[in-house]
Structure formats: C-alpha cells, structure tokens
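Quick look at input_19.cif (mmCIF, C-alpha atoms):
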data_upload
loop_
_atom_site.label_atom_id
_atom_site.label_comp_id
_atom_site.auth_asym_id
_atom_site.auth_seq_id
_atom_site.Cartn_x
_atom_site.Cartn_y
_atom_site.Cartn_z
CA MET A 1 23.31 -48.04 -88.00
CA LYS A 2 25.31 -51.05 -89.16
CA ASN A 3 27.67 -53.41 -87.32
CA ASN A 4 27.51 -51.49 -84.06
CA ILE A 5 27.83 -54.78 -82.15
CA PRO A 6 30.55 -56.73 -84.00
CA ARG A 7 31.44 -60.39 -83.56
CA GLU A 8 34.15 -59.70 -80.98
CA ASP A 9 31.60 -58.13 -78.61
CA LEU A 10 29.27 -61.09 -78.95
CA ASP A 11 32.24 -63.38 -78.30
CA ALA A 12 33.02 -61.43 -75.10
CA VAL A 13 29.45 -62.05 -73.89
CA ILE A 14 29.62 -65.74 -74.86
CA LYS A 15 32.92 -66.16 -72.99
CA PHE A 16 31.33 -64.58 -69.92
CA LEU A 17 28.29 -66.87 -70.13
CA GLN A 18 30.48 -69.97 -70.49
CA GLN A 19 31.51 -69.69 -66.85
CA ASP A 20 30.10 -72.42 -64.63
CA ASP A 21 27.95 -70.09 -62.56
CA PRO A 22 28.13 -66.49 -63.84
CA ILE A 23 26.43 -63.72 -61.88
CA LEU A 24 24.05 -62.06 -64.35
CA THR A 25 22.49 -59.30 -62.26
CA GLN A 26 24.34 -56.09 -61.41
CA SER A 27 27.75 -57.02 -60.00
CA LYS A 28 31.50 -56.70 -60.65
CA ASN A 29 31.33 -56.00 -64.39
CA VAL A 30 28.84 -53.18 -63.83
CA ALA A 31 31.20 -51.64 -61.25
CA ALA A 32 34.18 -52.08 -63.58
CA PHE A 33 32.31 -50.51 -66.52
CA GLU A 34 31.37 -47.54 -64.34
CA GLU A 35 35.00 -47.05 -63.30
CA GLU A 36 36.34 -47.38 -66.84
CA TRP A 37 33.70 -44.99 -68.17
CA SER A 38 34.54 -42.42 -65.47
CA GLN A 39 38.21 -42.59 -66.41
CA TRP A 40 37.42 -42.23 -70.13
CA LEU A 41 35.11 -39.25 -69.53
CA GLY A 42 37.19 -37.56 -66.84
CA VAL A 43 34.70 -37.55 -63.95
CA LYS A 44 34.71 -38.98 -60.42
CA HIS A 45 31.50 -41.02 -60.46
CA SER A 46 29.32 -42.92 -62.93
CA VAL A 47 26.13 -44.93 -62.40
CA PHE A 48 25.14 -47.53 -65.02
CA VAL A 49 21.40 -47.91 -65.67
CA ASN A 50 19.18 -49.73 -68.16
CA SER A 51 18.67 -46.85 -70.63
CA GLY A 52 19.45 -43.22 -71.36
CA SER A 53 15.85 -42.42 -70.47
CA SER A 54 16.33 -43.98 -67.05
CA ALA A 55 19.46 -41.87 -66.69
CA ASN A 56 17.32 -38.78 -67.33
CA GLN A 57 14.69 -39.99 -64.88
CA ILE A 58 16.92 -40.63 -61.87
CA THR A 59 18.91 -37.46 -62.54
CA MET A 60 15.77 -35.33 -62.33
CA ALA A 61 14.57 -37.27 -59.27
CA ALA A 62 17.88 -36.63 -57.53
CA ILE A 63 17.83 -32.94 -58.57
CA ARG A 64 14.42 -32.58 -56.96
CA GLU A 65 15.59 -34.31 -53.79
CA ARG A 66 18.72 -32.13 -53.63
CA PHE A 67 17.36 -28.74 -54.70
CA GLY A 68 13.57 -28.96 -54.40
CA GLY A 69 10.84 -28.34 -56.95
CA GLY A 70 10.55 -25.46 -59.39
CA GLU A 71 11.45 -24.84 -63.02
CA ILE A 72 13.87 -26.61 -65.35
CA ILE A 73 14.99 -24.85 -68.55
CA VAL A 74 14.76 -27.37 -71.40
CA PRO A 75 15.34 -27.53 -75.17
CA THR A 76 12.62 -27.54 -77.80
CA LEU A 77 14.78 -29.94 -79.84
CA THR A 78 15.62 -33.08 -77.85
CA TRP A 79 14.47 -36.61 -77.13
CA ILE A 80 11.16 -36.94 -75.29
CA SER A 81 12.65 -38.49 -72.15
CA ASP A 82 14.41 -35.24 -71.21
CA ILE A 83 11.12 -33.38 -71.02
CA ALA A 84 9.19 -36.39 -69.70
CA SER A 85 11.62 -36.77 -66.79
CA VAL A 86 11.14 -33.09 -65.94
CA LEU A 87 7.34 -33.44 -65.96
CA GLN A 88 7.28 -36.79 -64.17
CA ASN A 89 9.33 -35.35 -61.31
CA GLY A 90 6.95 -32.44 -60.84
CA PHE A 91 9.04 -29.67 -62.39
CA ASP A 92 7.71 -26.97 -64.69
CA PRO A 93 9.52 -27.02 -68.06
CA VAL A 94 10.65 -23.67 -69.49
CA PHE A 95 11.46 -23.90 -73.22
CA VAL A 96 13.94 -22.01 -75.37
CA ASP A 97 14.66 -21.97 -79.11
CA ILE A 98 17.76 -23.42 -80.76
CA ASN A 99 21.03 -22.06 -82.04
CA PRO A 100 21.00 -23.24 -85.70
CA ARG A 101 24.80 -23.68 -85.73
CA THR A 102 24.77 -26.20 -82.86
CA LEU A 103 21.10 -27.31 -82.78
CA GLY A 104 21.43 -26.84 -79.02
CA MET A 105 19.76 -24.22 -76.84
CA ASP A 106 20.23 -20.52 -77.60
CA THR A 107 22.44 -19.21 -74.79
CA GLU A 108 20.89 -15.75 -74.60
CA GLN A 109 17.40 -17.22 -74.29
CA VAL A 110 18.55 -19.61 -71.57
CA LEU A 111 20.01 -16.79 -69.52
CA SER A 112 16.94 -14.60 -70.02
CA GLU A 113 14.67 -17.36 -68.64
CA ILE A 114 16.53 -17.88 -65.36
CA THR A 115 14.45 -16.88 -62.33
CA SER A 116 14.43 -17.56 -58.59
CA GLU A 117 12.44 -20.72 -59.44
CA THR A 118 15.08 -22.17 -61.77
CA ARG A 119 16.50 -25.39 -60.36
CA ALA A 120 18.64 -26.48 -63.34
CA VAL A 121 19.37 -26.02 -67.02
CA PHE A 122 18.91 -29.32 -68.86
CA LEU A 123 20.93 -28.97 -72.06
CA THR A 124 21.09 -31.51 -74.92
CA HIS A 125 24.11 -31.92 -77.18
CA ILE A 126 22.25 -32.75 -80.39
CA LEU A 127 23.55 -35.49 -82.73
CA GLY A 128 27.21 -35.00 -81.79
CA TYR A 129 27.45 -31.19 -81.82
CA ASN A 130 28.72 -29.29 -78.80
CA ALA A 131 26.03 -26.98 -77.38
CA LEU A 132 28.20 -25.27 -74.75
CA ASP A 133 29.84 -21.87 -74.84
CA GLN A 134 31.92 -20.12 -72.21
CA LYS A 135 29.33 -17.43 -71.51
CA LEU A 136 26.74 -20.04 -70.57
CA LEU A 137 29.15 -21.89 -68.29
CA ASP A 138 30.34 -18.69 -66.60
CA GLU A 139 26.84 -17.30 -66.05
CA LEU A 140 25.43 -20.54 -64.66
CA GLN A 141 28.36 -20.81 -62.26
CA LYS A 142 27.93 -17.19 -61.19
CA ARG A 143 24.20 -17.66 -60.61
CA ASN A 144 24.71 -21.05 -58.92
CA ILE A 145 22.43 -22.88 -61.37
CA PRO A 146 23.27 -26.57 -61.95
CA LEU A 147 23.91 -27.59 -65.55
CA ILE A 148 22.68 -31.04 -66.60
CA GLU A 149 24.19 -32.27 -69.87
CA ASP A 150 22.31 -34.76 -72.02
CA VAL A 151 25.14 -36.36 -74.00
CA CYS A 152 23.12 -39.36 -75.18
CA GLU A 153 23.85 -38.48 -78.83
CA SER A 154 27.37 -37.09 -78.47
CA HIS A 155 29.83 -39.56 -76.91
CA GLY A 156 33.36 -38.23 -77.30
CA ALA A 157 32.46 -34.75 -78.55
CA THR A 158 34.41 -31.96 -76.86
CA PHE A 159 34.40 -28.28 -75.93
CA LYS A 160 37.85 -26.67 -75.76
CA GLY A 161 39.38 -30.14 -75.82
CA GLN A 162 37.41 -31.42 -72.81
CA LYS A 163 34.80 -34.15 -73.25
CA LEU A 164 31.14 -33.17 -73.12
CA GLY A 165 29.53 -34.63 -70.03
CA SER A 166 32.39 -33.51 -67.79
CA PHE A 167 31.27 -29.86 -67.53
CA GLY A 168 27.88 -30.13 -65.86
CA PHE A 169 26.79 -30.90 -62.32
CA ALA A 170 25.59 -34.16 -63.86
CA SER A 171 25.46 -35.70 -67.32
CA ASN A 172 23.49 -38.46 -69.02
CA PHE A 173 24.54 -40.93 -71.72
CA SER A 174 22.67 -43.55 -73.74
CA PHE A 175 24.09 -46.83 -75.07
CA TYR A 176 21.16 -47.64 -77.34
CA TYR A 177 22.06 -49.63 -80.46
CA ALA A 178 22.07 -46.64 -82.84
CA HIS A 179 24.41 -44.48 -80.76
CA HIS A 180 28.22 -44.19 -80.79
CA MET A 181 28.58 -47.34 -78.70
CA SER A 182 26.03 -49.82 -77.50
CA THR A 183 25.18 -52.12 -74.62
CA ILE A 184 22.00 -53.05 -76.56
CA GLU A 185 20.03 -50.96 -74.08
CA GLY A 186 21.73 -48.96 -71.35
CA GLY A 187 22.66 -45.56 -69.99
CA MET A 188 24.99 -43.77 -67.60
CA VAL A 189 24.72 -40.86 -65.18
CA CYS A 190 27.97 -39.06 -64.36
CA THR A 191 28.86 -36.49 -61.71
CA ASN A 192 31.75 -35.13 -59.65
CA ASP A 193 29.50 -34.52 -56.63
CA SER A 194 29.78 -37.37 -54.10
CA GLU A 195 26.50 -36.57 -52.33
CA PHE A 196 24.63 -36.54 -55.62
CA TYR A 197 26.31 -39.81 -56.58
CA GLU A 198 24.90 -41.51 -53.49
CA LEU A 199 21.42 -40.20 -54.33
CA LEU A 200 21.72 -41.60 -57.85
CA ARG A 201 22.77 -45.02 -56.57
CA MET A 202 19.74 -45.14 -54.28
CA PHE A 203 17.31 -43.87 -56.92
CA ARG A 204 18.61 -46.54 -59.32
CA SER A 205 17.66 -49.35 -56.94
CA HIS A 206 14.37 -48.84 -55.09
CA GLY A 207 15.79 -46.10 -52.84
CA MET A 208 17.67 -48.72 -50.77
CA ILE A 209 20.43 -47.45 -48.52
CA ARG A 210 22.48 -50.60 -49.03
CA GLU A 211 23.40 -49.09 -52.43
CA ILE A 212 25.27 -46.29 -50.63
CA LYS A 213 29.07 -46.39 -50.90
CA SER A 214 29.72 -44.05 -47.96
CA GLU A 215 29.79 -46.04 -44.72
CA THR A 216 29.26 -42.84 -42.73
CA LEU A 217 26.03 -42.04 -44.56
CA LYS A 218 24.87 -45.65 -44.45
CA ASN A 219 25.43 -45.84 -40.70
CA LYS A 220 23.50 -42.61 -40.18
CA TYR A 221 20.43 -44.12 -41.82
CA LYS A 222 20.83 -47.24 -39.69
CA SER A 223 21.02 -45.25 -36.47
CA ASP A 224 18.11 -42.98 -37.48
CA TRP A 225 15.88 -45.99 -38.24
CA PRO A 226 16.83 -48.66 -35.64
CA ASP A 227 13.47 -50.46 -35.97
CA LEU A 228 14.24 -51.44 -39.59
CA ASN A 229 16.28 -54.25 -41.09
CA PRO A 230 19.37 -52.36 -42.34
CA ASP A 231 19.33 -54.42 -45.54
CA PHE A 232 15.89 -53.06 -46.35
CA ILE A 233 15.78 -49.37 -45.53
CA PHE A 234 14.15 -47.42 -48.37
CA ALA A 235 15.01 -43.71 -48.26
CA PHE A 236 12.92 -42.71 -51.28
CA PRO A 237 10.00 -44.08 -53.33
CA ALA A 238 12.46 -44.69 -56.16
CA TYR A 239 12.91 -46.97 -59.18
CA ASN A 240 14.50 -50.20 -60.31
CA VAL A 241 16.51 -49.18 -63.36
CA ARG A 242 19.55 -51.38 -62.83
CA SER A 243 21.28 -52.97 -65.78
CA THR A 244 22.96 -56.38 -65.96
CA GLU A 245 26.40 -57.95 -66.12
CA ILE A 246 25.79 -58.95 -69.74
CA ASN A 247 25.22 -55.33 -70.78
CA ALA A 248 28.29 -54.24 -68.84
CA VAL A 249 30.50 -56.86 -70.48
CA MET A 250 29.43 -55.55 -73.88
CA GLY A 251 29.97 -51.94 -72.80
CA ARG A 252 33.49 -52.66 -71.58
CA ALA A 253 34.33 -54.28 -74.93
CA GLN A 254 32.85 -51.39 -76.92
CA LEU A 255 34.57 -48.67 -74.90
CA LYS A 256 38.02 -49.96 -75.89
CA ARG A 257 37.58 -48.83 -79.51
CA LEU A 258 35.17 -45.91 -79.08
CA ASP A 259 37.77 -43.20 -79.75
CA GLU A 260 39.06 -44.92 -82.88
CA ARG A 261 35.59 -45.37 -84.34
CA ASN A 262 34.62 -41.79 -83.45
CA LYS A 263 37.46 -40.46 -85.61
CA ILE A 264 35.91 -42.15 -88.63
CA ARG A 265 32.49 -40.69 -87.83
CA THR A 266 34.01 -37.20 -87.68
CA ARG A 267 35.77 -37.73 -91.02
CA ASN A 268 32.47 -38.88 -92.54
CA LEU A 269 30.55 -35.85 -91.29
CA ASN A 270 33.12 -33.40 -92.65
CA LEU A 271 33.08 -35.18 -96.00
CA PHE A 272 29.29 -34.98 -96.12
CA LEU A 273 29.01 -31.30 -95.17
CA ASP A 274 31.96 -30.25 -97.36
CA ASN A 275 30.34 -31.81 -100.43
CA LEU A 276 26.79 -30.54 -99.92
CA ASP A 277 25.55 -27.58 -101.97
CA SER A 278 25.74 -24.79 -99.38
CA LYS A 279 23.33 -22.66 -101.41
CA LYS A 280 20.56 -25.20 -100.88
CA PHE A 281 21.56 -26.71 -97.54
CA PHE A 282 22.71 -25.26 -94.23
CA THR A 283 26.30 -26.37 -93.67
CA GLU A 284 27.69 -23.82 -91.16
CA PHE A 285 27.46 -26.07 -88.13
CA GLU A 286 29.91 -25.62 -85.27
CA ARG A 287 32.01 -28.64 -86.15
CA GLU A 288 34.97 -28.08 -83.83
CA GLY A 289 34.98 -30.90 -81.30
CA SER A 290 31.90 -32.53 -82.82
CA CYS A 291 31.47 -36.30 -82.98
CA ASN A 292 28.36 -37.22 -84.93
CA TYR A 293 26.63 -40.56 -85.40
CA ALA A 294 24.35 -38.88 -87.95
CA PHE A 295 24.50 -36.49 -90.90
CA THR A 296 22.38 -33.36 -90.41
CA LEU A 297 20.51 -32.34 -93.56
CA ILE A 298 18.65 -29.02 -93.25
CA LEU A 299 17.40 -26.72 -96.01
CA ARG A 300 18.84 -23.23 -95.98
CA GLU A 301 15.44 -21.69 -96.73
CA PRO A 302 11.89 -23.05 -96.34
CA ASN A 303 10.87 -24.85 -99.54
CA GLN A 304 8.17 -27.49 -99.21
CA GLU A 305 8.37 -28.61 -102.83
CA LEU A 306 12.12 -29.20 -102.61
CA TRP A 307 11.77 -30.98 -99.29
CA ASN A 308 9.14 -33.29 -100.73
CA ARG A 309 11.55 -34.20 -103.54
CA ILE A 310 14.31 -34.85 -101.01
CA GLU A 311 12.17 -37.26 -99.01
CA LYS A 312 10.99 -39.03 -102.18
CA THR A 313 14.57 -39.39 -103.47
CA LEU A 314 15.91 -40.71 -100.16
CA ARG A 315 13.17 -43.33 -99.99
CA GLU A 316 13.69 -44.38 -103.62
CA HIS A 317 17.38 -44.95 -102.95
CA LYS A 318 16.68 -46.74 -99.62
CA VAL A 319 18.46 -44.10 -97.55
CA GLU A 320 16.97 -44.22 -94.06
CA PHE A 321 16.33 -40.83 -92.46
CA ARG A 322 14.50 -39.19 -89.56
CA ARG A 323 12.60 -36.00 -90.33
CA GLY A 324 12.84 -33.23 -87.77
CA THR A 325 16.29 -34.43 -86.64
CA SER A 326 16.62 -35.31 -82.95
CA GLY A 327 13.43 -36.63 -81.33
CA GLY A 328 11.18 -35.84 -84.26
CA GLY A 329 11.60 -32.07 -84.18
CA ASN A 330 9.83 -29.46 -82.07
CA GLN A 331 8.77 -31.29 -78.90
CA LEU A 332 6.12 -28.66 -78.23
CA ARG A 333 4.20 -29.91 -81.27
CA GLN A 334 3.88 -33.40 -79.79
CA PRO A 335 0.51 -34.48 -78.34
CA PHE A 336 1.81 -34.80 -74.78
CA MET A 337 2.92 -31.14 -74.76
CA ARG A 338 -0.04 -29.76 -76.74
CA LYS A 339 -2.26 -30.99 -73.90
CA LEU A 340 -0.21 -29.04 -71.36
CA MET A 341 0.82 -25.96 -73.38
CA PRO A 342 -1.50 -25.80 -76.42
CA ASP A 343 -0.09 -22.71 -78.16
CA GLU A 344 3.50 -22.67 -76.92
CA PHE A 345 4.88 -24.34 -80.07
CA GLU A 346 4.21 -21.19 -82.12
CA LYS A 347 6.90 -19.18 -80.30
CA TYR A 348 10.01 -20.99 -81.60
CA PRO A 349 10.63 -20.35 -85.32
CA LYS A 350 14.20 -21.69 -85.48
CA VAL A 351 13.31 -25.14 -84.23
CA ASP A 352 10.23 -25.13 -86.44
CA HIS A 353 12.43 -24.70 -89.52
CA VAL A 354 14.37 -27.85 -88.55
CA HIS A 355 11.09 -29.59 -87.71
CA PHE A 356 9.71 -29.14 -91.22
CA PHE A 357 12.83 -28.85 -93.39
CA GLY A 358 15.45 -31.00 -91.67
CA CYS A 359 16.36 -34.62 -91.05
CA TYR A 360 19.27 -36.80 -90.06
CA ILE A 361 20.83 -39.72 -91.89
CA GLY A 362 22.91 -42.52 -90.32
CA ASN A 363 26.68 -42.16 -90.01
CA TYR A 364 28.73 -45.16 -88.90
CA PRO A 365 32.36 -46.27 -89.24
CA GLU A 366 31.65 -48.89 -91.92
CA LEU A 367 29.91 -46.38 -94.20
CA GLU A 368 31.81 -46.25 -97.48
CA VAL A 369 33.20 -42.91 -98.70
CA GLU A 370 31.74 -43.59 -102.15
CA LYS A 371 28.24 -43.80 -100.69
CA ILE A 372 28.66 -40.47 -98.89
CA LEU A 373 29.79 -38.74 -102.08
CA ARG A 374 27.01 -40.38 -104.09
CA LEU A 375 24.46 -39.20 -101.52
CA CYS A 376 25.73 -35.60 -101.78
CA GLN A 377 25.55 -35.83 -105.58
CA LEU A 378 21.93 -36.99 -105.41
CA LEU A 379 20.92 -34.24 -102.99
CA ASN A 380 22.74 -31.48 -104.83
CA GLY A 381 21.01 -32.44 -108.07
CA LEU A 382 17.51 -31.93 -106.72
#
Target format structure tokens, applied to this file:
Amino acid sequence: MKNNIPREDLDAVIKFLQQDDPILTQSKNVAAFEEEWSQWLGVKHSVFVNSGSSANQITMAAIRERFGGGEIIVPTLTWISDIASVLQNGFDPVFVDINPRTLGMDTEQVLSEITSETRAVFLTHILGYNALDQKLLDELQKRNIPLIEDVCESHGATFKGQKLGSFGFASNFSFYYAHHMSTIEGGMVCTNDSEFYELLRMFRSHGMIREIKSETLKNKYKSDWPDLNPDFIFAFPAYNVRSTEINAVMGRAQLKRLDERNKIRTRNLNLFLDNLDSKKFFTEFEREGSCNYAFTLILREPNQELWNRIEKTLREHKVEFRRGTSGGGNQLRQPFMRKLMPDEFEKYPKVDHVHFFGCYIGNYPELEVEKILRLCQLLNGL
C-alpha cells in the first residue's frame, strides 16, 4: 500500500487536536462516523471498534448470546480472526473448500454442511471479490440460518448492484492501513437488527447497559437489578474494543473519497488480469461488482519450478507479495488448527492449489499504469 493516509487526513486530525480541550475517547465523532458509514453501506446500524478482528470477535459473541452454541460454517481461505473468533466463543468450526472464480466458499458445500447444529454461515469476501450468489441467499433465508459477511477486504464491492455487507444478518469491516480505507487500526460491525445492535454495543464496552440506545431495554435492566448502580450494570463478561475520536476523524475524512478511489482500483485490476497470460495464470475471476485492493496471481496448473521463478523474479524487482493470498492460504494448515484437526487440511484441494501456487500483490490508486503493464510483461515472460 502507498499513500493510504494522505496529507489532508493528517490535517483533519491535527485540526481536531488543536481544539482547546478535545474529547479523545469514544464520543461524537465515533457516532457520526457510524451514521455516515451506515448511510454509505445501506444498513440501519453500525458499531465502530478498534479493529476488524474485534469486529469478528464481538459479532460471534453476540451470535452466541442470541442463538446459542453449536456450529459455524467457515472458509478455509480467510484471515485467522474469523476462525479464531469462532473458536474463542465456543463454536465448532465446519470448513468448506473455495470456489476458484471468487475465492469465497463453495455454495454447494456450504449447503451440504448445514445441520440442526448450524448457528450461522460466516462467509468472507476475499480480496474484493463477491462471494455471494442468489442460491446461497435464498437457501439460508429458507432454512433460517444467519449469514455473517466478512467484508474486511472488500469495501464497496457489490452483488447485483447492492453493496456487500448489506445482505447478511451482520457484517464486519476492517480499516487497517492496507485496506481500501484506513483509520490506522479500526473496524465496523453492521446490522439491520436492532436487538443485535444493542448486543454489539454492550459487547464492545465491557457488557455495560449504559451503552444501550433503547431506553425501554435499559430501564428493564435497571428494574431487574435494583441493587446495582445503573451506571455500572454489566450484562455480559464482554470486552473493551472501543476505538477513539482520532480514528473516527480519520475515517470520516477517508470515507468521502472511498468510491472515487475504488474506481481506480477496479480499473487497475482489470488491466492486470486482461494483460496476464491466461494460459499460465488463472484469470477467470468473477469480476462483476468486484473492488480489489490487491491483484490475485494464481497459476492455472500446479508447477513448482515456475512458481519458484515467479517468487524469485518478484523479489528481484522489489514487488511485494503475499503467498497463499488471503491470510496465508489454507487456514487448516496453520499450527493452531493442526492441533485441533490434525488431518482436516488434506480434504480441500482447491484451496491447497491457491495455498501453494497463488499470491496477491498490492493495488492502490497511485499505482502507475506503466508499472502494472511492466509487471504483466515480467510474469508472462517466465
């Protein structure tokens, strides 16, 4: 990533700090950022937290409180915090392989894994590609299974013209520096369900009921627990994952130009994929509605010798890349999962191909067209 926090955003923070006595902890700017983000996304409620991982964590905690324990269907290709949040909240993860055209979960496998113990499907939109299809949405609605969208890598991507993150029961976003927009560190949980929204607000801040927006619900807690100071009633053994006014000021500044910058990212991705040698590299990604902060580079067929040359060439030309694409590849091969499910990683050949013969490369609005074309020329010549 380059120039993801330009001078004007730093100036906005400086102007805020130049006040005589600025409030720095969560306050009016956090609330305003939440409202502006909800309007941009097209949802009723948003809760700003200190990272995308914290967004995952409180979402799973609130899912458990709302629906009880059981199984969560999860991707094999994702960031660790999705799976960690499932494990840390006492759920059993159920894995499925990927759809190579979206890098998201294979719909047929998701539907085949649903049981009476399924509490949610936790789907990740990988690196800006849409992982939804209508069959998945229809079947989950029919079976009354909540969909949780991880959109941490896909701000502004769409399905049928509607922004990702507005389809699920809840959705998570990350504002880490490398993503489409940044608050340095930060994340957001979004939902249209008012009851779930109140749970999220409490789980964000120690489980305190004073975080509740609904006066009716707040008064019920007060009447149920008359022996407690109403300012310090803790409904759950929750977390402190609040963010700050400084992060919110930066987020509000960044959001104003997110759509404009995303158009350039999409142009860059199409230029990259259109100029790659499709005989050597997989290029048939589902690009409609995509919004990618990274170029996906995946061999069409397994070829260790060629892949070794690719890595060597990228390093020689100082092109930064991440092997395995999102999250380092097949999460079931990671030590934390090998301890729990030692042989499970062997069952998912499609994600394994990406794990060993795929990577991503940075895509940002300031990236020159000439560099993209030169990169394709280098790769095609190997």
Which residues come within 7 Å of segment 182-199 of chain A, counting all atoms listed in the file, excluding same-chain residues fewer than 3 positions away, as a PDB file with C-alpha atoms, in the frame of the given file?
ATOM      1  CA  ASN A   4      27.510 -51.490 -84.060  1.00  0.00           C
ATOM      2  CA  VAL A  43      34.700 -37.550 -63.950  1.00  0.00           C
ATOM      3  CA  LYS A  44      34.710 -38.980 -60.420  1.00  0.00           C
ATOM      4  CA  HIS A  45      31.500 -41.020 -60.460  1.00  0.00           C
ATOM      5  CA  SER A  46      29.320 -42.920 -62.930  1.00  0.00           C
ATOM      6  CA  VAL A  47      26.130 -44.930 -62.400  1.00  0.00           C
ATOM      7  CA  PHE A  48      25.140 -47.530 -65.020  1.00  0.00           C
ATOM      8  CA  VAL A  49      21.400 -47.910 -65.670  1.00  0.00           C
ATOM      9  CA  ASN A  50      19.180 -49.730 -68.160  1.00  0.00           C
ATOM     10  CA  SER A  51      18.670 -46.850 -70.630  1.00  0.00           C
ATOM     11  CA  GLY A  52      19.450 -43.220 -71.360  1.00  0.00           C
ATOM     12  CA  ALA A  55      19.460 -41.870 -66.690  1.00  0.00           C
ATOM     13  CA  ALA A  62      17.880 -36.630 -57.530  1.00  0.00           C
ATOM     14  CA  PHE A 169      26.790 -30.900 -62.320  1.00  0.00           C
ATOM     15  CA  ALA A 170      25.590 -34.160 -63.860  1.00  0.00           C
ATOM     16  CA  SER A 171      25.460 -35.700 -67.320  1.00  0.00           C
ATOM     17  CA  ASN A 172      23.490 -38.460 -69.020  1.00  0.00           C
ATOM     18  CA  PHE A 173      24.540 -40.930 -71.720  1.00  0.00           C
ATOM     19  CA  SER A 174      22.670 -43.550 -73.740  1.00  0.00           C
ATOM     20  CA  PHE A 175      24.090 -46.830 -75.070  1.00  0.00           C
ATOM     21  CA  TYR A 176      21.160 -47.640 -77.340  1.00  0.00           C
ATOM     22  CA  TYR A 177      22.060 -49.630 -80.460  1.00  0.00           C
ATOM     23  CA  HIS A 179      24.410 -44.480 -80.760  1.00  0.00           C
ATOM     24  CA  MET A 202      19.740 -45.140 -54.280  1.00  0.00           C
ATOM     25  CA  PHE A 203      17.310 -43.870 -56.920  1.00  0.00           C
ATOM     26  CA  ILE A 212      25.270 -46.290 -50.630  1.00  0.00           C
ATOM     27  CA  LYS A 213      29.070 -46.390 -50.900  1.00  0.00           C
ATOM     28  CA  SER A 243      21.280 -52.970 -65.780  1.00  0.00           C
ATOM     29  CA  ASN A 247      25.220 -55.330 -70.780  1.00  0.00           C
ATOM     30  CA  ALA A 248      28.290 -54.240 -68.840  1.00  0.00           C
ATOM     31  CA  MET A 250      29.430 -55.550 -73.880  1.00  0.00           C
ATOM     32  CA  GLY A 251      29.970 -51.940 -72.800  1.00  0.00           C
TER      33      GLY A 251
END
Considering all atoms listed in the file, state which residue in the set A:Lys142, A:Gly70, A:Cys152, A:Asn89 is at the smallest distance from Glu117 of chain A.
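That would be A:Gly70, the residue with the smallest distance to Glu117 of chain A.
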As a check of understanding, name the residues that the PyMOL selection byres ((chain A and resi 235) around 9) selects in the supplied structure, as a PyMOL selection string.
chain A and resi 202-203+206-209+221+233-234+236-238
Go through the shown structure with the PyMOL selection byres ((chain A and resi 300-311) around 7) and write out the matching residues as JSON, numbers by chain.
{"A": [280, 281, 282, 298, 299, 312, 313, 314, 315, 357, 379]}
Residue contacts of segment 350-353 of chain A (12 Å, only C-alpha atoms) excluding same-chain residues fewer than 4 positions away, as a PyMOL selection string:
chain A and resi 75-78+95-106+282+297-304+307+323-333+344-346+357-359
Please, what distance in Å, to one decimal, runs between atom CA of Leu147 of chain A and atom CA of Thr59 of chain A?
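Interatomic distance, atom CA of Leu147 of chain A to atom CA of Thr59 of chain A: 11.5 Å.
Between Ile148 of chain A and the candidates A:Ala294, A:Ile73, A:Ile114, A:Leu217, the tightest atom-to-atom separation, counting all atoms listed in the file, involves A:Ile73.
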With all atoms listed in the file counted and 12 Å as the cut-off, give the residues of segment 149-263 of chain A in contact with segment 362-370 of chain A, each with its shortest interatomic distance in Å and the pair that gives it, as a tab-separated table.
residue	atom	partner	partner_atom	distance
A:Tyr177	CA	A:Tyr364	CA	11.6
A:Ala178	CA	A:Gly362	CA	8.6
A:His179	CA	A:Tyr364	CA	9.2
A:His180	CA	A:Tyr364	CA	8.2
A:Met181	CA	A:Tyr364	CA	10.4
A:Arg257	CA	A:Pro365	CA	11.3
A:Leu258	CA	A:Pro365	CA	10.5
A:Asp259	CA	A:Pro365	CA	11.3
A:Glu260	CA	A:Pro365	CA	9.3
A:Arg261	CA	A:Pro365	CA	5.9
A:Asn262	CA	A:Pro365	CA	7.7
A:Lys263	CA	A:Pro365	CA	8.5
Option closest in space to Tyr348 of chain A, from A:Gln39, A:Thr244, A:Gln109, A:Gln88 [counting only C-alpha atoms]:
A:Gln109
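A straight line drawn from atom CA of Lys347 of chain A to atom CA of Phe122 of chain A is 19.4 Å long.
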The PyMOL selection byres ((chain A and resi 9-22) around 7) applied to the shown file, residues as number ranges by chain:
A: 5-8, 23-24, 246, 249-250, 253
Would you please work out which residue, of A:Glu288, A:Gln57, A:Leu375, A:Phe232, is nearest to Lys318 of chain A when using all atoms listed in the file?
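Result for the nearest residue to Lys318 of chain A: A:Leu375.
What separates atom CA of Gln377 of chain A from atom CA of Ser154 of chain A is a distance of 27.2 Å.
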Hey, which of A:Ser38, A:Asn3, A:Ser116, A:Asn144 ends up closest to Gly165 of chain A? Count only C-alpha atoms.
A:Ser38
What would the file be for segment 188-200 of chain A if you keep C-alpha atoms and write it as an mmCIF file, in the first residue's frame?
data_model
loop_
_atom_site.group_PDB
_atom_site.id
_atom_site.type_symbol
_atom_site.label_atom_id
_atom_site.label_comp_id
_atom_site.auth_asym_id
_atom_site.auth_seq_id
_atom_site.Cartn_x
_atom_site.Cartn_y
_atom_site.Cartn_z
ATOM 1 C CA MET A 188 -17.030 -1.855 11.979
ATOM 2 C CA VAL A 189 -19.907 -4.246 12.644
ATOM 3 C CA CYS A 190 -23.107 -3.587 10.694
ATOM 4 C CA THR A 191 -26.629 -4.971 11.027
ATOM 5 C CA ASN A 192 -30.281 -4.170 10.351
ATOM 6 C CA ASP A 193 -31.409 -5.996 13.502
ATOM 7 C CA SER A 194 -31.995 -3.561 16.381
ATOM 8 C CA GLU A 195 -31.783 -6.199 19.116
ATOM 9 C CA PHE A 196 -28.483 -7.472 17.752
ATOM 10 C CA TYR A 197 -27.229 -3.887 17.526
ATOM 11 C CA GLU A 198 -27.801 -3.389 21.245
ATOM 12 C CA LEU A 199 -25.903 -6.611 21.995
ATOM 13 C CA LEU A 200 -22.980 -5.407 19.885
#
